[in-house]
Structure formats: structure tokens, C-alpha cells
Amino acid sequence: MPKLKLSTAFLKHHSLRRIVLIGSCTLVGLMLIGMTGLAWYATVGLPSLDSLDNYQPSLISRIHADDGQLIGQFYTERRVFIPFEEIPSDLIHAIVAVEDARFFEHPGLDIWGIFRAAWTNIKQGGTVEGASTITQQLARSLFLSPERTYSRKIRELILAFKMEFILTKEQILEQYLNQIYFGHGAYGIGTAALTYFEKDLNAITLPEAAFLAGLPKAPSTYSPYKNPERSKRRQEHVLHRMVQAGYITEALAKEAVATLLSYQRLTLERIAPYFLEQVRQHLVNEYGEPMVYKGGLQVFTTLNTRMQRLAEMAIRHGLRQLDKRQGWRGPLGHEPLPLPTPDVPRDIELTIQDMARTDHIHQGVVTAVDQKQAIVVANGIEAPLALKDMRWARRRIPKNALVTEARTFPEATPQDLLKPGDIIEVRLKVRSKGVPAFILEQTPIVEGALLALDPRTGSIKAMVGGYDFERSQFNRALMARRQPGSAFKPIIYATALDNNLTPATLIMDAPLVYEQEEEEKIWKPENYEKRFFGTITIREALRHSRNAATIRLLNQIGVRRVIDFSKSLGIASPLSQDLSLALGSSGITLEELTAAYGVFANQGMVLSPYTITLVKNQQDTMLEQHLFEPRQVVSQNTAYLITNLMMDVIQSGTGRGAKSIGRPIAGKTGTTNQYKDAWFVGYAPNLAVGIWVGFDEVQTLGRVESGAHAALPIWTQFMKHALKDLPVMTFSVPAGIQFAEIENSTGKLATQPSQTTTTEVFAQGTAPTKPNSPFANPLDFYELDLATP
């Protein structure tokens with residue numbers, strides 16, 4: 001009986017073991033089946049790796065100025081591709097040490113790394129170390145989404161294994177370092193070096209390499225701009241890992257830690273946005289958006305960065321001054337009292353320097369005010385706003401009133417203009433000993449444009465299409481068709497000179513009436529001075545911009561001739577086919593008019609304005625190159641004669657405000673009815689520049705805001721500085737030009753020089769040959785019938 005009991009117990013125990021074994025096997029089998037199924041499911045739809053051998057990341061198209069300086073970039077991901085052999089060894093060692101120490105040993109999956117990371121995380125009580133290899137990270141970046149699921153992790157592992165079979169370790173590192181994100185818009189290590197240190201990658205030092213290698217794990221967390229302390233600790237961690245991996249010594253690591261890194265200050269300041277937008281539109285039209293934003297084009301342009309900055313400063317200053325003359329529109333708003341305590345910048349001195357250097361307008365809040373000054377806080381800077389720096393605001397524009405309705409309060413004090421809590425616009429200036437102070441400003445609502453080109457080539461050197469590109473992307477230098485007023489007159493006078501009239505030709509400046517029978521209207525044009533000057537020469541008429549004389553001249557030579565002449569200069573906009581053309585009634589663009597003046601500067605040779613010199617693709621293949629095609633459209637004699645007349649406009653006419661430039665220059669003012677548009681276009685032999693000022697919705701600029709008052713100061717400020725780096729040149733006198741002494745009042749040849757005579761310039765064959773005899777082809781200046789155009 002006892003044996004039987006033992007046997008029964010044994011059998012029961014044996015049966016239980018079999019059940020457990022069978023159950024375990026079944027469970028393991030089910031787990032294997034489940035894992036196999038999960039693995040199969042995860043591999044369904046895996047991307048093909050055929051493209052890895054021809055890796056083409058999304059690359060930046062880089063735009064360069066005329067000296068090769070980088071001025072703009074077009075991209076979906078800001079990236080510059082750097083081949084493996086050009087990546088510094090310190091950077092490779094730093095990345096490997098901190099991201100994947102066994103990279104050169106494992107086949108894409110690091111088992112020991114997984115255990116090490118798991119143990120570290122258990123000890124630290126959280127996730128402080130990952131186990132993804134560099135290959136896995138590359139697979140995730142190239143082919144997978146950032147979602148955190150088991151299926152994605154399995155797909156990542158499988159892709160990493162496959163990639164290790166297809167690519168060498170060097171190729172994997174090359175693609176990884178060119179693919180990953182380093183923060184602040186920088187994709188790839190080449191762009192990261194430029195972003196943080198403004199250096200090419202081959203100039204990166206060990207301390208900088210350690211910093212860059214620490215970014216991919218969490219670019220925002222380790223940003224030196226947002227979290228400088230964390231950024232420094234991360235750099236030290238990378239250097240420590242490099243020591244552990246045997247890449248550097250402890251001494252080198254300590255030296256690197258002690259090195260102070262100088263980061264490139266991030267700035268939102270952009271140069272030439274209107275110019276770059278014009279270039280972008282051209283590239284997209286020619287090559288398509290994918291090539292522009294991902295193809296890594298190298299684009300070389302005509303822009304001169306120094307001139308562009310001068311142009312932006314001149315427009316900004318000129319429009320602000322004009323806006324101040326119109327009057328102050330009052331505070332932007334009001335902040336209830338008590339005012340909150342302002343946040344003081346961490347580096348207050350650097351903030352002051354930046355604010356003063358950029359000359360930008362900032363919003364501030366008035367915290368206190370008395371009879372002599374106000375105290376203002378802007379961007380955390382507290383500084384005084386003195387009466388002298390707000391005196392212009394005594395001219396006030398009531399709400400919903402026109403510019404012409406502004407009222408002046410000569411005795412107004414700061415307390416009359418401001419009160420605590422007012423939100424105003426200010427600009428920072430730094431007084432002696434670095435003491436900051438504010439100047440009252442207001443953002444202009446008036447607009448303006450500037451275009452500068454080299455008349456010898458047609459290359460556009462500077463372009464400003466408006467006061468603020470962020471406010472309006474409409475490019476007024478290229479797209480706005482506005483009436484040029486008297487700035488169109490040189491084209492009429494050049495047409496006359498081209499038809500054998502001379503600077504000494506006499507015309508009548510007297511009242512006239514133009515009857516428009518169909519519309520039953522009467523046109524009685526007047527001169528700017530509201531009076532007439534009788535018989536005057538063509539030189540005198542253009543020098544002082546006499547309207548009545550110009551209308552008679554146009555009627556004599558014919559509207560059709562002037563239109564044809566304008567087209568030969570490159571003006572494509574439709575022109576009025578009546579005598580109103582004499583007063584610049586037809587809308588044209590600033591580019592057209594500036595280029596037309598450029599023909600006169602270039603001795604009658606026309607060259608179309610252009611912005612792009614050369615375009616290359618990533619493989620350095622030339623896609624586009626500008627070819628010069630100059631054409632002689634105006635005779636050299638005519639070009640010189642009209643230039644000589646416009647030089648007189650500068651010396652003693654409506655453009656004499658530019659006389660201070662002190663170089664041979666020619667130009668002409670332009671003002672339209674009711675001061676709605678103000679122009680000045682002029683040139684030296686090596687630079688032609690046009691300025692337009694006005695409102696987008698056509699309205700008056702204000703009383704007496706003529707071309708000489710509103711546009712010429714901007715032109716003069718720009719030209720004074722822009723010409724400094726250019727050689728002094730004179731306008732060449734063609735062989736067919738001759739000079740003669742004539743009587744001022746009659747235009748006849750003088751017997752000898754006197755106070756009533758002047759030396760005049762003529763095209764060969766048109767000068768008077770005998771004393772007291774008129775020159776060839778005199779103009780009949782008697783009263784003309786102006787009933788028809």
C-alpha cells in the first residue's frame with residue numbers, strides 16, 4: 001500500500017510537470033507567433049533603401065551679393081551638404097562618443113548599449129540615457145515618423161540592419177551629420193557651424209565641436225541662447241565622453257571646458273527683402289519651387305550690400321522726417337495704472353548697443369512726465385525722453401483728420417503731449433559716457449522706393465520697394481506705376497535735342513488754354529511759381545521746370561515722337577497720347593524711369609536692368625548667366641546734351657539741394673498735382689538712382705512736399721555715401737560736341753563774353769555761326785493753337 005501511495009503521488013507530480021511544460025511551450029509559441037506577426041506587420045510597407053547610395057538631402061539655395069557675400073537663402077530645411085572627408089575628426093569623435101560609442105563595432109543594433117542604458121536609467125530612476133544607435137537615428141530621420149510606438153521601433157531596427165549592409169560606416173556618418181537637426185533652423189552640421197559660430201565647418205575648434213555634438217539630443221533644451229547653463233553642462237558631458245572613449249586626453253578636455261565660446265548673435269534683421277523676393281520669383285518661374293527650395297542652387301546677384309544698407313537707411317530716415325513734418329498722430333494706446341515692473345534684460349549694455357545700432361523703432365510706455373521730459377521704458381530699458389527730442393510732435397493731427405488739417409501748438413510741453421501709461425514709439429540713442437536716451441518717433445504711413453543701378457552694365461546695385469517689407473511686400477520700385485510729373489520732362493527735351501533743337505533754342509513760357517471739346521473741359525496748366533517768364537531758352541525751361549514752355553515744346557516736336565523715343569529708352573508702360581504728357585501724366589515705374597536716365601548716363605547705350613549674374617546647381621553646372629546686349633538707341637551727342645542740361649538743374653535749378661555732393665552729377669525733380677507724388681532721378685557716370693515718395697492710396701503728401709523737398713534729400717543722402725567707394729568720373733564729351741558763346745536773351749552768337757552771355761553747348765552743325773544770327777532750326781515760339789494734341 002505505501003508503494004502505491006508513493007507511485008500515485010509521483011504520477012500526480014509528473015502529470016503536473018507535463019501540464020506546466022506543455023503550457024509553457026504553448027505560451028512561448030504564442031509569444032513567438034505574436035512577435036513574428038508583430039515583426040511581419042511592422043515590416044509591411046517598409047520604404048525601399050535603393051536611394052541611399054544616391055543620398056540627396058533637401059538643400060539650401062544660397063543667394064550671394066556682387067562680392068560673394070551670402071545675403072539670402074531659400075529652403076524647406078536650412079541645410080548645406082558637407083562630404084565626410086571635409087568633416088573635422090574632432091566633430092566625428094564628439095558625435096560618436098556622445099551618441100553611439102560602439103558605432104564602429106555594432107551592426108546597427110547595440111545590445112550592450114541597450115543594457116547599459118537600461119541599468120543607468122534604473123539607477124537614476126528615470127529615462128536619462130537612450131540606446132538608439134546613430135544608424136537607427138538616421139533611419140528614423142530619413143524614413144520614419146517621430147511617433148513612439150513598438151511597431152515604429154521594430155521598423156527602425158530592421159531598417160538600421162539593412163542600412164548597415166548597404167552603406168559603409170563613413171557613409172552612414174556623412175548622411176547622419178548632414179541630415180539631423182541642430183536647432184534654430186539649422187539642418188546638418190555645416191549649417192549648424194554657420195548658425196552658431198558664423199564659421200565654415202573646417203574652422204571649428206574642439207570646444208565648438210563638443211558643443212555642436214551635444215545639440216542633436218535636444219536642440220532647444222541645449223540652446224546657448226535660451227539655456228546657456230544647460231548648454232555648457234552638455235558640452236562638458238560630451239568632452240567627458242570623448243575622454244572615456246580615448247579620443248582626447250583629460251588635459252585637452254579641461255582646456256576645452258575653460259575656453260569661452262563666442263556665439264553668433266541671432267538677429268531678425270534682413271537685408272534687401274524686396275530684392276530677394278524679386279530674385280526668388282525669377283528662380284521659381286525658371287526652375288520651379290522644388291529646385292529653388294530643395295535643390296541647393298548657387299545664385300550670384302548684382303546687389304551691393306553696402307549700397308543696399310545705405311539705401312535702406314536713406315529711405316527709412318527720409319520717410320520718417322516727412323512723416324514728422326506732417327504731424328504727430330498721438331499715442332498708440334494707453335496702459336492702465338499702476339504700470340507693471342518692466343523686465344530688465346540680462347545683458348542690459350548689450351541690449352542698449354543693439355537698439356542704438358539698428359536704428360529701429362520700438363514701442364515703449366511712459367512711466368512719468370514733467371515739464372521738461374518724460375521717462376519711458378522700452379525693451380526693459382528705462383531712459384528719458386527730452387523735450388527737444390519730441391518737439392516735432394507739437395504739430396498734431398486730430399483723429400480721422402487729413403494731413404493738411406494738422407494743428408500746431410508752439411508752446412506745448414511734454415505734459416501737454418504725454419501722460420503716464422501712454423504707449424508710444426521711440427528710438428534709442430546713446431549720449432556721452434554711454435547714457436541712453438529716447439527720441440519720439442512714429443512709424444510712417446507714407447511709402448517710398450529707391451532703385452540704384454550701374455548705367456554701364458544695367459546691374460541693379462540696391463533696391464528698396466517700400467518702408468517695411470513685413471508691412472507690405474508690394475515692390476514699389478518695380479511694380480508701382482505712378483505719374484512722374486516733371487521727372488518725365490528730360491525725355492521730352494532729349495527728343496527735341498535729338499531732332500536738332502539746341503539748349504539755346506527759344507520757347508515761350510506764357511499762359512495757354514487747352515480745350516477738350518468732347519469732355520467740355522478747359523485745361524489751363526500753370527508753372528510751380530504761379531507765374532510765367534516769357535521767352536526763355538530750352539536750358540532755362542528745363543532748369544526751372546517750366547510747365548507752359550514744356551507743353552509748347554511737346555506740341556512743336558509732336559507727341560508721337562516723344563512716345564517712340566521713350567520706348568527706345570526702355571519705357572514699356574502706356575503713355576498718354578496728348579499734351580498732358582508734358583507734365584508727366586502717364587504712370588510709369590521707378591525702374592523704367594531710372595533705367596531711361598541711365599541711357600543718358602551711358603552715352604546713349606541701353607542695357608536692360610537685371611539682378612542675377614549667374615546660377616549654378618549643386619553639381620556646379622551653370623544654369624544661367626547674364627549676357628550683355630548693349631544697343632545704341634540715342635546718339636552720343638543727344639545723351640551728352642541732355643546730361644549737360646540736367647547738370648545745370650543740379651547747379652542752379654530745382655535740384656540744387658544735391659550740389660553738396662561735389663561730383664559731376666545730373667538729375668531732375670518731379671512733382672505731381674496736389675503733391676501726390678514726389679520724385680528725384682539722377683546719375684553720375686557710374687551710378688543712376690531714382691527715388692519715389694507717395695501714398696499707396698493716392699493722396700496729397702502735404703503742402704509744398706515737392707520732389708525737391710520730399711525725394712531729393714533721400715537721393716542726396718544716399719548718393720553722398722554710395723559714391724564714396726566709386727571713382728570720381730566726368731561725363732565724356734563726344735567728338736561731335738562744340739561750344740559757343742551766346743547772348744542769354746536771344747540765343748544768338750555773341751561777339752565777345754560779357755555778363756549777358758554764356759558758353760553754351762551744341763551738337764555739331766546746330767550752333768550759330770555768325771554774330772547776331774540765330775542758330776540753325778529755331779523754334780517758332782509764337783502763340784500755338786492747342787485745340788488738338
# chains A, B, ... in the order shown; residues from 1 in each chain; ligands from 1
>>> residues_around(residues="His626 (chain A)", least_positions_apart="5", cutoff="10 Å", atoms="only C-alpha atoms", output="list in words")
Thr301, Ser459, Tyr610, Thr611, Ile612, Thr613, Leu614 and Val615 of chain A
>>> write_last_selection(atoms="C-alpha atoms", output="short mmCIF file (atom, residue, chain, number, x, y, z; two decimals), in the first residue's frame")
data_model
loop_
_atom_site.label_atom_id
_atom_site.label_comp_id
_atom_site.auth_asym_id
_atom_site.auth_seq_id
_atom_site.Cartn_x
_atom_site.Cartn_y
_atom_site.Cartn_z
CA THR A 301 23.42 88.59 -57.96
CA SER A 459 23.15 95.79 -62.91
CA TYR A 610 19.00 92.87 -64.22
CA THR A 611 19.51 91.27 -60.82
CA ILE A 612 21.04 87.82 -61.46
CA THR A 613 24.54 87.36 -62.82
CA LEU A 614 24.96 83.59 -62.58
CA VAL A 615 23.04 80.50 -61.41
#
>>> residues_around(residues="region 350-366 of chain A", least_positions_apart="2", cutoff="8 Å", atoms="only C-alpha atoms", output="ChimeraX atom specification")
/A:335,345,347-348,368-369,374-379,381,418-430,436,441-443
>>> select_by_dssp(residues="region 460-502 of chain A", states="helix (DSSP H, G or I)", output="VMD selection string")
chain A and resid 485 to 498
>>> residues_around(residues="Gly667 (chain A)", least_positions_apart="2", cutoff="7 Å", atoms="only C-alpha atoms", output="ChimeraX atom specification")
/A:646-647,649-650,655,665,681-683
>>> write_last_selection(atoms="all heavy atoms", output="tab-separated table (two decimals), in the first residue's frame")
chain	number	residue	atom	x	y	z
A	646	MET	N	20.80	118.69	-67.46
A	646	MET	CA	20.42	118.24	-66.12
A	646	MET	C	21.53	118.50	-65.09
A	646	MET	O	21.25	118.56	-63.90
A	646	MET	CB	20.01	116.77	-66.15
A	646	MET	CG	18.63	116.54	-66.75
A	646	MET	SD	17.97	114.90	-66.40
A	646	MET	CE	18.87	113.92	-67.59
A	647	MET	N	22.76	118.62	-65.53
A	647	MET	CA	23.80	119.07	-64.61
A	647	MET	C	23.49	120.49	-64.14
A	647	MET	O	23.74	120.86	-62.98
A	647	MET	CB	25.17	119.03	-65.29
A	647	MET	CG	25.69	117.62	-65.56
A	647	MET	SD	27.26	117.61	-66.48
A	647	MET	CE	28.40	118.21	-65.23
A	649	VAL	N	20.50	121.65	-63.78
A	649	VAL	CA	19.41	121.52	-62.81
A	649	VAL	C	19.97	121.37	-61.40
A	649	VAL	O	19.45	121.92	-60.44
A	649	VAL	CB	18.52	120.30	-63.16
A	649	VAL	CG1	17.51	120.03	-62.05
A	649	VAL	CG2	17.80	120.52	-64.49
A	650	ILE	N	21.09	120.65	-61.30
A	650	ILE	CA	21.75	120.45	-60.00
A	650	ILE	C	22.46	121.71	-59.55
A	650	ILE	O	22.41	122.11	-58.38
A	650	ILE	CB	22.77	119.29	-60.08
A	650	ILE	CG1	22.09	117.98	-60.48
A	650	ILE	CG2	23.51	119.13	-58.76
A	650	ILE	CD1	21.15	117.42	-59.46
A	655	GLY	N	17.11	121.06	-58.59
A	655	GLY	CA	17.84	120.00	-57.90
A	655	GLY	C	19.08	120.48	-57.17
A	655	GLY	O	19.95	119.68	-56.82
A	665	ILE	N	27.28	115.36	-61.50
A	665	ILE	CA	26.03	114.63	-61.43
A	665	ILE	C	24.96	115.38	-62.19
A	665	ILE	O	25.05	116.60	-62.38
A	665	ILE	CB	25.55	114.39	-59.98
A	665	ILE	CG1	25.51	115.71	-59.20
A	665	ILE	CG2	26.38	113.35	-59.28
A	665	ILE	CD1	24.92	115.58	-57.80
A	681	VAL	N	15.24	111.71	-59.83
A	681	VAL	CA	16.05	110.72	-60.55
A	681	VAL	C	17.29	111.43	-61.06
A	681	VAL	O	17.19	112.53	-61.62
A	681	VAL	CB	15.27	110.09	-61.73
A	681	VAL	CG1	16.10	108.97	-62.37
A	681	VAL	CG2	13.92	109.56	-61.27
A	682	GLY	N	18.44	110.82	-60.83
A	682	GLY	CA	19.68	111.44	-61.26
A	682	GLY	C	20.80	110.43	-61.37
A	682	GLY	O	20.62	109.25	-61.05
A	683	TYR	N	21.96	110.90	-61.79
A	683	TYR	CA	23.04	109.96	-62.05
A	683	TYR	C	24.41	110.64	-62.06
A	683	TYR	O	24.54	111.84	-62.32
A	683	TYR	CB	22.82	109.24	-63.38
A	683	TYR	CG	22.58	110.15	-64.58
A	683	TYR	CD1	23.64	110.62	-65.36
A	683	TYR	CD2	21.29	110.52	-64.95
A	683	TYR	CE1	23.42	111.42	-66.47
A	683	TYR	CE2	21.05	111.33	-66.05
A	683	TYR	CZ	22.13	111.78	-66.80
A	683	TYR	OH	21.91	112.59	-67.89
>>> atom_distance(atom1="CA of Ala582 (chain A)", atom2="CA of Leu701 (chain A)")
22.1 Å
>>> closest_residue(among="A:Arg241, A:Lys720, A:Arg481, A:Lys232", to="Ser585 (chain A)", atoms="only C-alpha atoms")
A:Arg481
>>> select_by_dssp(residues="region 556-789 of chain A", states="strand (DSSP E or B)", output="count of residues only")
53
>>> decode(residues="region 690-720 of chain A", atoms="N, CA, C and O atoms", output="PDB file, in the first residue's frame")
ATOM      1  N   GLY A 690      17.072 106.391 -58.660  1.00  0.00           N
ATOM      2  CA  GLY A 690      15.753 107.001 -58.686  1.00  0.00           C
ATOM      3  C   GLY A 690      15.067 106.867 -57.339  1.00  0.00           C
ATOM      4  O   GLY A 690      15.194 105.841 -56.668  1.00  0.00           O
ATOM      5  N   ILE A 691      14.334 107.910 -56.941  1.00  0.00           N
ATOM      6  CA  ILE A 691      13.581 107.928 -55.684  1.00  0.00           C
ATOM      7  C   ILE A 691      12.131 108.288 -55.993  1.00  0.00           C
ATOM      8  O   ILE A 691      11.870 109.230 -56.755  1.00  0.00           O
ATOM      9  N   TRP A 692      11.191 107.556 -55.389  1.00  0.00           N
ATOM     10  CA  TRP A 692       9.774 107.942 -55.436  1.00  0.00           C
ATOM     11  C   TRP A 692       9.230 107.967 -54.016  1.00  0.00           C
ATOM     12  O   TRP A 692       9.568 107.105 -53.197  1.00  0.00           O
ATOM     13  N   VAL A 693       8.397 108.943 -53.719  1.00  0.00           N
ATOM     14  CA  VAL A 693       7.743 109.054 -52.418  1.00  0.00           C
ATOM     15  C   VAL A 693       6.264 109.344 -52.638  1.00  0.00           C
ATOM     16  O   VAL A 693       5.915 110.202 -53.468  1.00  0.00           O
ATOM     17  N   GLY A 694       5.387 108.647 -51.924  1.00  0.00           N
ATOM     18  CA  GLY A 694       3.953 108.889 -52.043  1.00  0.00           C
ATOM     19  C   GLY A 694       3.164 107.921 -51.184  1.00  0.00           C
ATOM     20  O   GLY A 694       3.733 107.071 -50.483  1.00  0.00           O
ATOM     21  N   PHE A 695       1.850 108.035 -51.234  1.00  0.00           N
ATOM     22  CA  PHE A 695       0.962 107.106 -50.542  1.00  0.00           C
ATOM     23  C   PHE A 695       0.472 106.058 -51.532  1.00  0.00           C
ATOM     24  O   PHE A 695       0.269 106.359 -52.711  1.00  0.00           O
ATOM     25  N   ASP A 696       0.257 104.840 -51.056  1.00  0.00           N
ATOM     26  CA  ASP A 696      -0.280 103.803 -51.934  1.00  0.00           C
ATOM     27  C   ASP A 696      -1.666 104.183 -52.441  1.00  0.00           C
ATOM     28  O   ASP A 696      -1.966 104.020 -53.621  1.00  0.00           O
ATOM     29  N   GLU A 697      -2.512 104.643 -51.534  1.00  0.00           N
ATOM     30  CA  GLU A 697      -3.808 105.182 -51.934  1.00  0.00           C
ATOM     31  C   GLU A 697      -3.591 106.673 -52.199  1.00  0.00           C
ATOM     32  O   GLU A 697      -3.363 107.448 -51.274  1.00  0.00           O
ATOM     33  N   VAL A 698      -3.638 107.025 -53.471  1.00  0.00           N
ATOM     34  CA  VAL A 698      -3.168 108.330 -53.911  1.00  0.00           C
ATOM     35  C   VAL A 698      -3.842 109.459 -53.124  1.00  0.00           C
ATOM     36  O   VAL A 698      -5.061 109.587 -53.099  1.00  0.00           O
ATOM     37  N   GLN A 699      -3.015 110.253 -52.449  1.00  0.00           N
ATOM     38  CA  GLN A 699      -3.472 111.424 -51.696  1.00  0.00           C
ATOM     39  C   GLN A 699      -2.292 112.364 -51.544  1.00  0.00           C
ATOM     40  O   GLN A 699      -1.147 112.018 -51.823  1.00  0.00           O
ATOM     41  N   THR A 700      -2.564 113.576 -51.103  1.00  0.00           N
ATOM     42  CA  THR A 700      -1.507 114.572 -51.001  1.00  0.00           C
ATOM     43  C   THR A 700      -0.485 114.201 -49.931  1.00  0.00           C
ATOM     44  O   THR A 700      -0.832 113.638 -48.887  1.00  0.00           O
ATOM     45  N   LEU A 701       0.757 114.539 -50.207  1.00  0.00           N
ATOM     46  CA  LEU A 701       1.829 114.370 -49.226  1.00  0.00           C
ATOM     47  C   LEU A 701       1.868 115.510 -48.229  1.00  0.00           C
ATOM     48  O   LEU A 701       2.568 115.443 -47.222  1.00  0.00           O
ATOM     49  N   GLY A 702       1.119 116.535 -48.518  1.00  0.00           N
ATOM     50  CA  GLY A 702       1.152 117.708 -47.654  1.00  0.00           C
ATOM     51  C   GLY A 702       1.642 118.923 -48.418  1.00  0.00           C
ATOM     52  O   GLY A 702       2.282 118.813 -49.472  1.00  0.00           O
ATOM     53  N   ARG A 703       1.361 120.070 -47.908  1.00  0.00           N
ATOM     54  CA  ARG A 703       1.696 121.322 -48.577  1.00  0.00           C
ATOM     55  C   ARG A 703       3.192 121.441 -48.842  1.00  0.00           C
ATOM     56  O   ARG A 703       4.004 121.170 -47.960  1.00  0.00           O
ATOM     57  N   VAL A 704       3.536 121.807 -50.056  1.00  0.00           N
ATOM     58  CA  VAL A 704       4.901 122.016 -50.571  1.00  0.00           C
ATOM     59  C   VAL A 704       5.801 120.788 -50.462  1.00  0.00           C
ATOM     60  O   VAL A 704       7.023 120.921 -50.507  1.00  0.00           O
ATOM     61  N   GLU A 705       5.241 119.587 -50.328  1.00  0.00           N
ATOM     62  CA  GLU A 705       6.084 118.381 -50.327  1.00  0.00           C
ATOM     63  C   GLU A 705       6.385 117.986 -51.774  1.00  0.00           C
ATOM     64  O   GLU A 705       5.867 117.009 -52.310  1.00  0.00           O
ATOM     65  N   SER A 706       7.219 118.789 -52.412  1.00  0.00           N
ATOM     66  CA  SER A 706       7.598 118.585 -53.807  1.00  0.00           C
ATOM     67  C   SER A 706       8.707 117.544 -53.917  1.00  0.00           C
ATOM     68  O   SER A 706       9.206 117.030 -52.915  1.00  0.00           O
ATOM     69  N   GLY A 707       9.101 117.272 -55.157  1.00  0.00           N
ATOM     70  CA  GLY A 707      10.223 116.367 -55.356  1.00  0.00           C
ATOM     71  C   GLY A 707      11.488 116.881 -54.708  1.00  0.00           C
ATOM     72  O   GLY A 707      12.281 116.120 -54.146  1.00  0.00           O
ATOM     73  N   ALA A 708      11.695 118.207 -54.765  1.00  0.00           N
ATOM     74  CA  ALA A 708      12.889 118.806 -54.157  1.00  0.00           C
ATOM     75  C   ALA A 708      12.863 118.717 -52.646  1.00  0.00           C
ATOM     76  O   ALA A 708      13.917 118.688 -52.001  1.00  0.00           O
ATOM     77  N   HIS A 709      11.682 118.644 -52.054  1.00  0.00           N
ATOM     78  CA  HIS A 709      11.554 118.657 -50.599  1.00  0.00           C
ATOM     79  C   HIS A 709      11.427 117.263 -50.017  1.00  0.00           C
ATOM     80  O   HIS A 709      11.951 116.977 -48.934  1.00  0.00           O
ATOM     81  N   ALA A 710      10.728 116.369 -50.717  1.00  0.00           N
ATOM     82  CA  ALA A 710      10.435 115.042 -50.167  1.00  0.00           C
ATOM     83  C   ALA A 710      11.353 113.943 -50.694  1.00  0.00           C
ATOM     84  O   ALA A 710      11.685 113.008 -49.964  1.00  0.00           O
ATOM     85  N   ALA A 711      11.763 114.029 -51.968  1.00  0.00           N
ATOM     86  CA  ALA A 711      12.555 112.949 -52.580  1.00  0.00           C
ATOM     87  C   ALA A 711      14.042 113.285 -52.687  1.00  0.00           C
ATOM     88  O   ALA A 711      14.900 112.430 -52.459  1.00  0.00           O
ATOM     89  N   LEU A 712      14.354 114.526 -53.045  1.00  0.00           N
ATOM     90  CA  LEU A 712      15.753 114.909 -53.242  1.00  0.00           C
ATOM     91  C   LEU A 712      16.625 114.700 -52.002  1.00  0.00           C
ATOM     92  O   LEU A 712      17.760 114.226 -52.126  1.00  0.00           O
ATOM     93  N   PRO A 713      16.164 115.013 -50.773  1.00  0.00           N
ATOM     94  CA  PRO A 713      17.018 114.757 -49.607  1.00  0.00           C
ATOM     95  C   PRO A 713      17.384 113.284 -49.442  1.00  0.00           C
ATOM     96  O   PRO A 713      18.500 112.966 -49.017  1.00  0.00           O
ATOM     97  N   ILE A 714      16.469 112.386 -49.776  1.00  0.00           N
ATOM     98  CA  ILE A 714      16.765 110.951 -49.699  1.00  0.00           C
ATOM     99  C   ILE A 714      17.832 110.598 -50.725  1.00  0.00           C
ATOM    100  O   ILE A 714      18.797 109.877 -50.427  1.00  0.00           O
ATOM    101  N   TRP A 715      17.666 111.104 -51.950  1.00  0.00           N
ATOM    102  CA  TRP A 715      18.628 110.841 -53.026  1.00  0.00           C
ATOM    103  C   TRP A 715      20.002 111.373 -52.652  1.00  0.00           C
ATOM    104  O   TRP A 715      21.020 110.696 -52.837  1.00  0.00           O
ATOM    105  N   THR A 716      20.039 112.572 -52.114  1.00  0.00           N
ATOM    106  CA  THR A 716      21.321 113.198 -51.760  1.00  0.00           C
ATOM    107  C   THR A 716      22.026 112.422 -50.647  1.00  0.00           C
ATOM    108  O   THR A 716      23.240 112.180 -50.718  1.00  0.00           O
ATOM    109  N   GLN A 717      21.265 112.037 -49.620  1.00  0.00           N
ATOM    110  CA  GLN A 717      21.868 111.274 -48.520  1.00  0.00           C
ATOM    111  C   GLN A 717      22.461 109.970 -49.031  1.00  0.00           C
ATOM    112  O   GLN A 717      23.586 109.596 -48.662  1.00  0.00           O
ATOM    113  N   PHE A 718      21.719 109.292 -49.891  1.00  0.00           N
ATOM    114  CA  PHE A 718      22.228 108.019 -50.421  1.00  0.00           C
ATOM    115  C   PHE A 718      23.465 108.234 -51.291  1.00  0.00           C
ATOM    116  O   PHE A 718      24.481 107.559 -51.119  1.00  0.00           O
ATOM    117  N   MET A 719      23.387 109.170 -52.235  1.00  0.00           N
ATOM    118  CA  MET A 719      24.478 109.355 -53.183  1.00  0.00           C
ATOM    119  C   MET A 719      25.766 109.828 -52.511  1.00  0.00           C
ATOM    120  O   MET A 719      26.868 109.424 -52.907  1.00  0.00           O
ATOM    121  N   LYS A 720      25.643 110.670 -51.496  1.00  0.00           N
ATOM    122  CA  LYS A 720      26.846 111.153 -50.806  1.00  0.00           C
ATOM    123  C   LYS A 720      27.689 109.993 -50.303  1.00  0.00           C
ATOM    124  O   LYS A 720      28.930 110.015 -50.390  1.00  0.00           O
TER     125      LYS A 720
END
